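Report on the following structure.
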Amino acid sequence: MSTHVAQRIDYAETLPHRQKLIILAGVLLGLLLSALDQTIVSTAMPAIIADLKGLEYVAWTSTSYLLASTTMVPIYGKLSDLYGRRIVLLSGISVFLIASMLCGTSQDIFQLIGYRVLQGLGAAALTSTAFAIPADLFSPAERPRYMGLFGAVFGLASILGPFLGGFLTDSLNWRWVFYVNLPVGIIAFLFIWRTMPTLSSGIKAAIDWGGSVTLVLSVVPLLLALTLDKTLHAWDSPLILGLFVTAFVFGAVFLYIETQAESPIIKLSLFKDQVFSVTMISSFLNGAAFFGAFLFLSLFLVNVAGVSATESGTSQIPLMLSFVVGSIAASQLVARTGRYKPFILFGFSMMLIGFYFMTQLEVSSSTRDVVWRMLVLGMGLGPTIPLLNLAMQNAVPFAYMGTAVANRQFFQQLGQAVGAAVFGVILTTTLTDQIKIQMEPIKTQLPAEYQKQFDSFDLKSAAAGSNQGQTLEQKMTGSVNTGFDTLTNQLTAAVEKKDPTAIDALVANPNLPADLKAGLKAGQIPPAALPKILAGIESGRAPAIQKAVNLSKDIGQAIKQAFTNSITQIYRDAIWLVVISFALVLFGLPEVPLRKTNREAPIISE
């Protein structure tokens, strides 16, 4: 079967520079919509839960968005090649704005989840086309000076989102975190509608319906298997195994269909190009490493450094700021030198250094110790993402630019999902083992009733001070006081009232002297002796409380050490992802000179 390509307009040469910049501004505003939504909604989530209830389903407000946006990215990329970027981008903004308005009107958690699916469908159109449009507007040699702006958008969203979300939720209500999308989206829509041409690749072919359906039927089960709560659905549960099998079967069918399709969603022949293959693999690994670094950093800040959740979010701003600076600086250097490979390698080198420094975090590390390490890591992350995209765009035939760019975005997002799942397993497994190891030296000091409790995995929340509003120290000292109060009441009832239940409980108490137990059992202790007995008991309260305080500190320190060891293990594992990416780029990525024009011979057949 053949794919025909009509003569396309070279917009890089025909459009005025001013119009290009206006179009680019509209694209960046549209991309900001998608990026901002991911950070602004999480801030408002406590207020959403309080209003709509459904705490057990709240994770689906994010999962549903992720499923829709990731699955549809390659499909929209192909549609933009067939019908032009303009119609896909305008449709995506329209769907996103309608969904945002509906999210703001949600009356229960299930409505919100459904509308978030619709919002994810719109967001996929924004991200899949936004990264391809610079390829339409500028030649490869010109693109680097604008590529850094896309990293700046995500950096701005990560900084602005939490503050804006908190302000709107506190000042108005949570519904405005969705309504705020409307003015920004309308401006972006008007920019694009009035100034952007079709931006068509010239390719003429039928839609790959079989590929579209089987792609959805393979990616959705895969993402569900990776993201479902493993405390409810274990990795070896029938549901998770069934989802993996479904993903594998439909994935195999999808690959077969793509080999037969006239115009496939994922053009497998592109993988014959070494640059394309290396950038796809590196984007997957980079997505996994980046998301792992960002996702688990807050756990260290909250559970070890002891900052609040709000302070943790603020502390991560330097990571995004250095990411933006690194992205813009590297892009400008590429624009001046015409070379991209050295700067990609520099980015991965900085990531290796940053991850290594992260592995050196200790229990005593302060927020400042974390911040400077994040600055190094961000400076490495900044150059790699836009420059991998640039290298791929420079090597791919223009007729398949939308498909190729969307595929890179798809592999990066898939890497993030896989990275989150794999690193989550590593954290859970390592933390459980580390808690046992760190607790062993002090376990023998604990009363018997505490030992079983502190063997459980819930220790981490107790040490973090989230045990129903009580710190570990408060819980332990409260238990000591309760024990002494109970003992006092039992002695009073046994001596004054000869209460048989109280006497039996006291006789069974291993901490009471044998002669006192014998006297209680024989009924030979007169009421006049009770004050002296109680005074003796009470004299032990203060030392017991102090012991509980000391134990709680020891346990808290042990849990912090367990968290530190577990999180630094994640960074040690992430280093290998970066090492592989570095080696792939160093030995497998040929540096193709940046073309001065988008003109090329049309591709007539597959």
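Simple scheme: letters A, B, ... for chains in structure tokens order, numbers from 1 for residues in each chain, numbers from 1 for ligands in the order shown.
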Residues near Val549 in chain A, cut-off 12 Å, only C-alpha atoms, skip fewer than 2 positions along chain, as a short mmCIF file (atom, residue, chain, number, x, y, z; two decimals) with N, CA and C atoms, in the first residue's frame:
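Saved as part.cif:
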```
data_model
loop_
_atom_site.label_atom_id
_atom_site.label_comp_id
_atom_site.auth_asym_id
_atom_site.auth_seq_id
_atom_site.Cartn_x
_atom_site.Cartn_y
_atom_site.Cartn_z
N LEU A 446 11.35 -2.23 73.84
CA LEU A 446 9.93 -1.89 73.80
C LEU A 446 9.11 -2.85 74.64
N THR A 471 1.79 12.69 67.40
CA THR A 471 3.15 12.28 67.11
C THR A 471 3.42 10.96 67.82
N LEU A 472 4.50 10.32 67.42
CA LEU A 472 4.86 9.05 68.06
C LEU A 472 5.10 9.26 69.55
N GLU A 473 5.77 10.35 69.93
CA GLU A 473 6.04 10.63 71.34
C GLU A 473 4.74 10.80 72.12
N GLN A 474 3.80 11.54 71.55
CA GLN A 474 2.51 11.75 72.24
C GLN A 474 1.77 10.44 72.42
N LYS A 475 1.81 9.60 71.41
CA LYS A 475 1.10 8.34 71.50
C LYS A 475 1.72 7.43 72.57
N MET A 476 3.05 7.38 72.62
CA MET A 476 3.71 6.50 73.58
C MET A 476 3.56 7.01 75.01
N THR A 477 3.73 8.32 75.21
CA THR A 477 3.57 8.85 76.57
C THR A 477 2.12 8.76 77.02
N GLY A 478 1.20 8.93 76.08
CA GLY A 478 -0.22 8.78 76.42
C GLY A 478 -0.53 7.37 76.85
N SER A 479 0.08 6.40 76.17
CA SER A 479 -0.13 5.00 76.53
C SER A 479 0.43 4.70 77.92
N VAL A 480 1.59 5.30 78.24
CA VAL A 480 2.18 5.11 79.57
C VAL A 480 1.25 5.66 80.65
N ALA A 542 7.00 9.03 86.22
CA ALA A 542 7.91 9.97 85.54
C ALA A 542 9.04 9.25 84.82
N PRO A 543 9.73 8.29 85.50
CA PRO A 543 10.78 7.56 84.76
C PRO A 543 10.24 6.80 83.55
N ALA A 544 9.02 6.24 83.69
CA ALA A 544 8.43 5.50 82.57
C ALA A 544 8.13 6.42 81.40
N ILE A 545 7.62 7.62 81.72
CA ILE A 545 7.34 8.60 80.65
C ILE A 545 8.63 9.02 79.96
N GLN A 546 9.68 9.25 80.76
CA GLN A 546 10.96 9.66 80.17
C GLN A 546 11.51 8.55 79.27
N LYS A 547 11.33 7.32 79.71
CA LYS A 547 11.79 6.19 78.89
C LYS A 547 11.01 6.13 77.58
N LEU A 551 12.53 6.42 73.92
CA LEU A 551 12.26 5.38 72.93
C LEU A 551 11.63 5.95 71.66
N SER A 552 10.71 6.89 71.85
CA SER A 552 10.06 7.48 70.68
C SER A 552 11.06 8.23 69.81
N LYS A 553 12.02 8.89 70.45
CA LYS A 553 13.07 9.57 69.69
C LYS A 553 13.94 8.57 68.94
N ASP A 554 14.29 7.48 69.62
CA ASP A 554 15.10 6.45 68.97
C ASP A 554 14.35 5.83 67.79
N ILE A 555 13.06 5.57 67.99
CA ILE A 555 12.26 4.98 66.92
C ILE A 555 12.11 5.97 65.77
N GLY A 556 11.82 7.23 66.10
CA GLY A 556 11.71 8.25 65.06
C GLY A 556 12.98 8.37 64.24
#
```
Report as a tab-separated table the residues of range 56-157 of chain A within 9 Å of range 403-409 of chain A, each with its shortest atom pair and distance in Å (one decimal), using only C-alpha atoms, ordered by chain and increasing residue number.
```
residue	atom	partner	partner_atom	distance
A:Thr70	CA	A:Gln409	CA	8.5
A:Val73	CA	A:Ala406	CA	5.8
A:Pro74	CA	A:Ala406	CA	5.0
A:Ile75	CA	A:Thr403	CA	8.0
A:Tyr76	CA	A:Ala406	CA	7.6
A:Gly77	CA	A:Thr403	CA	4.6
A:Lys78	CA	A:Thr403	CA	4.8
A:Leu79	CA	A:Thr403	CA	8.2
A:Ser80	CA	A:Thr403	CA	7.9
A:Asp81	CA	A:Thr403	CA	6.8
A:Thr127	CA	A:Gln409	CA	7.8
A:Ser128	CA	A:Ala406	CA	4.8
A:Thr129	CA	A:Ala406	CA	7.3
A:Phe131	CA	A:Val405	CA	6.6
A:Ala132	CA	A:Val405	CA	5.9
```
Any chance you could export the current selection's N, CA and C atoms as a PDB file, in the first residue's frame?
```pdb
ATOM      1  N   THR A  70      -2.188  10.188  27.934  1.00  0.00           N
ATOM      2  CA  THR A  70      -1.075   9.381  27.411  1.00  0.00           C
ATOM      3  C   THR A  70      -1.507   8.546  26.216  1.00  0.00           C
ATOM      4  N   VAL A  73      -2.049  10.655  22.823  1.00  0.00           N
ATOM      5  CA  VAL A  73      -0.965  11.474  22.251  1.00  0.00           C
ATOM      6  C   VAL A  73      -0.542  10.987  20.863  1.00  0.00           C
ATOM      7  N   PRO A  74      -0.210   9.688  20.665  1.00  0.00           N
ATOM      8  CA  PRO A  74       0.209   9.268  19.318  1.00  0.00           C
ATOM      9  C   PRO A  74      -0.899   9.365  18.279  1.00  0.00           C
ATOM     10  N   ILE A  75      -2.143   9.195  18.703  1.00  0.00           N
ATOM     11  CA  ILE A  75      -3.264   9.277  17.760  1.00  0.00           C
ATOM     12  C   ILE A  75      -3.427  10.712  17.264  1.00  0.00           C
ATOM     13  N   TYR A  76      -3.381  11.669  18.184  1.00  0.00           N
ATOM     14  CA  TYR A  76      -3.477  13.078  17.775  1.00  0.00           C
ATOM     15  C   TYR A  76      -2.287  13.475  16.902  1.00  0.00           C
ATOM     16  N   GLY A  77      -1.115  12.950  17.222  1.00  0.00           N
ATOM     17  CA  GLY A  77       0.057  13.262  16.414  1.00  0.00           C
ATOM     18  C   GLY A  77      -0.145  12.849  14.970  1.00  0.00           C
ATOM     19  N   LYS A  78      -0.713  11.661  14.763  1.00  0.00           N
ATOM     20  CA  LYS A  78      -0.972  11.196  13.407  1.00  0.00           C
ATOM     21  C   LYS A  78      -2.051  12.041  12.729  1.00  0.00           C
ATOM     22  N   LEU A  79      -3.105  12.370  13.469  1.00  0.00           N
ATOM     23  CA  LEU A  79      -4.165  13.199  12.902  1.00  0.00           C
ATOM     24  C   LEU A  79      -3.645  14.566  12.474  1.00  0.00           C
ATOM     25  N   SER A  80      -2.685  15.099  13.227  1.00  0.00           N
ATOM     26  CA  SER A  80      -2.132  16.404  12.857  1.00  0.00           C
ATOM     27  C   SER A  80      -1.320  16.322  11.573  1.00  0.00           C
ATOM     28  N   ASP A  81      -0.716  15.154  11.297  1.00  0.00           N
ATOM     29  CA  ASP A  81      -0.034  14.964  10.019  1.00  0.00           C
ATOM     30  C   ASP A  81      -1.035  14.886   8.867  1.00  0.00           C
ATOM     31  N   THR A 127      -0.470  18.746  23.888  1.00  0.00           N
ATOM     32  CA  THR A 127       0.935  18.355  24.031  1.00  0.00           C
ATOM     33  C   THR A 127       1.470  17.683  22.770  1.00  0.00           C
ATOM     34  N   SER A 128       0.622  16.913  22.075  1.00  0.00           N
ATOM     35  CA  SER A 128       1.115  16.189  20.903  1.00  0.00           C
ATOM     36  C   SER A 128       1.438  17.128  19.754  1.00  0.00           C
ATOM     37  N   THR A 129       0.668  18.214  19.609  1.00  0.00           N
ATOM     38  CA  THR A 129       0.908  19.146  18.494  1.00  0.00           C
ATOM     39  C   THR A 129       1.857  20.279  18.863  1.00  0.00           C
ATOM     40  N   PHE A 131       4.651  20.463  20.439  1.00  0.00           N
ATOM     41  CA  PHE A 131       6.081  20.240  20.220  1.00  0.00           C
ATOM     42  C   PHE A 131       6.423  20.060  18.742  1.00  0.00           C
ATOM     43  N   ALA A 132       5.390  19.806  17.909  1.00  0.00           N
ATOM     44  CA  ALA A 132       5.636  19.646  16.473  1.00  0.00           C
ATOM     45  C   ALA A 132       5.559  20.981  15.734  1.00  0.00           C
TER      46      ALA A 132
END
```
- Message: So that I can check the surroundings of Ser62 in chain A, please list as JSON, numbers by chain every protein, DNA and RNA residue that reaches within 9 Å of it, counting only C-alpha atoms and ignoring chain neighbours fewer than 5 positions away.
- Response: {"A": [38, 42, 67, 113, 116]}
- Message: Env of Gly120 in chain A: 7 Å cut, atoms = only C-alpha atoms, seq-sep filter 5 positions within chain, self excluded. Answer as a list in words.
- Response: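 The neighbour list is Tyr65, Leu66, Ala68 and Ser69 of chain A.
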- Message: Report, in Å to a single decimal, how far apart CA of Ser283 in chain A and CA of Phe582 in chain A are.
- Response: 11.6 Å
- Members of range 54-112 of chain A assigned alpha helix (DSSP H) by DSSP, as a ChimeraX atom specification: /A:60-83,85-104,109-112
- Query: Do you know which residues are at most 8 Å from range 227-242 of chain A counting only C-alpha atoms, after dropping those on the same chain fewer than 2 positions away, and could you put them as an MDAnalysis selection string?
  - Reply: chainID A and resid 63 223:225 244:246 417 421
Just write the chosen residues, C-alpha atoms, as a PDB file, in the first residue's frame.
```pdb
ATOM      1  CA  THR A  63      -5.337   8.437  36.964  1.00  0.00           C
ATOM      2  CA  LEU A 223      -1.300   2.083  32.562  1.00  0.00           C
ATOM      3  CA  LEU A 224      -4.042   0.738  34.835  1.00  0.00           C
ATOM      4  CA  ALA A 225      -1.836  -2.196  35.841  1.00  0.00           C
ATOM      5  CA  PHE A 244      -0.877  -7.063  31.765  1.00  0.00           C
ATOM      6  CA  VAL A 245      -1.998 -10.012  29.612  1.00  0.00           C
ATOM      7  CA  THR A 246      -4.626  -7.837  27.913  1.00  0.00           C
ATOM      8  CA  ALA A 417       4.283   5.848  34.452  1.00  0.00           C
ATOM      9  CA  ALA A 421       5.464   2.098  39.370  1.00  0.00           C
TER      10      ALA A 421
END
```
- Item | Within 7 Å of Ile575 in chain A using only C-alpha atoms, minus same-chain residues under 4 positions, as a ChimeraX atom specification | /A:352,355,571,579
For range 317-321 of chain A, list every protein, DNA or RNA residue within 10 Å, evaluated using only C-alpha atoms, and leave out those in the same chain fewer than 3 positions away; present the list as a PDB file with C-alpha atoms, in the first residue's frame.
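Output contents, as saved in result-v3.pdb:
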```pdb
ATOM      1  CA  GLY A 151      10.775  23.939  29.119  1.00  0.00           C
ATOM      2  CA  ALA A 152      10.118  27.386  30.584  1.00  0.00           C
ATOM      3  CA  PHE A 154       6.556  23.617  32.388  1.00  0.00           C
ATOM      4  CA  GLY A 155       8.835  25.352  34.886  1.00  0.00           C
ATOM      5  CA  LEU A 156       6.410  28.277  35.172  1.00  0.00           C
ATOM      6  CA  ALA A 157       3.488  25.888  35.636  1.00  0.00           C
ATOM      7  CA  SER A 158       5.247  23.969  38.413  1.00  0.00           C
ATOM      8  CA  ILE A 159       5.949  27.209  40.286  1.00  0.00           C
ATOM      9  CA  LEU A 160       2.754  29.114  39.564  1.00  0.00           C
ATOM     10  CA  PHE A 294      10.634  14.458  41.419  1.00  0.00           C
ATOM     11  CA  SER A 312       8.078  20.711  50.542  1.00  0.00           C
ATOM     12  CA  GLY A 313       6.405  22.038  47.412  1.00  0.00           C
ATOM     13  CA  THR A 314       8.179  25.370  47.794  1.00  0.00           C
ATOM     14  CA  VAL A 324      14.278  26.137  32.931  1.00  0.00           C
ATOM     15  CA  VAL A 325      17.673  27.863  33.026  1.00  0.00           C
ATOM     16  CA  GLY A 326      19.423  24.736  31.744  1.00  0.00           C
ATOM     17  CA  SER A 327      16.850  24.290  28.978  1.00  0.00           C
ATOM     18  CA  VAL A 370      18.565  19.150  49.310  1.00  0.00           C
ATOM     19  CA  VAL A 371      18.101  22.433  47.400  1.00  0.00           C
ATOM     20  CA  TRP A 372      21.658  22.713  46.046  1.00  0.00           C
ATOM     21  CA  ARG A 373      21.520  19.105  44.915  1.00  0.00           C
ATOM     22  CA  MET A 374      18.255  19.848  43.101  1.00  0.00           C
ATOM     23  CA  LEU A 375      19.919  22.779  41.339  1.00  0.00           C
ATOM     24  CA  VAL A 376      22.568  20.446  39.929  1.00  0.00           C
ATOM     25  CA  LEU A 377      19.966  17.862  38.897  1.00  0.00           C
ATOM     26  CA  GLY A 378      17.774  20.493  37.242  1.00  0.00           C
ATOM     27  CA  MET A 379      20.704  21.835  35.235  1.00  0.00           C
ATOM     28  CA  LEU A 381      17.448  17.698  33.121  1.00  0.00           C
ATOM     29  CA  GLY A 382      17.004  21.046  31.347  1.00  0.00           C
TER      30      GLY A 382
END
```
Can you check which parts of range 121-149 of chain A lie within 9 Å of range 334-339 of chain A? Per residue, the shortest pair of atoms and distance in Å to one decimal, counting only C-alpha atoms, sorted by chain and number, as a tab-separated table.
```
residue	atom	partner	partner_atom	distance
A:Ala141	CA	A:Ala335	CA	6.7
A:Glu142	CA	A:Ala335	CA	6.6
A:Arg143	CA	A:Ala335	CA	7.5
A:Pro144	CA	A:Ala335	CA	5.1
A:Arg145	CA	A:Ala335	CA	5.6
```
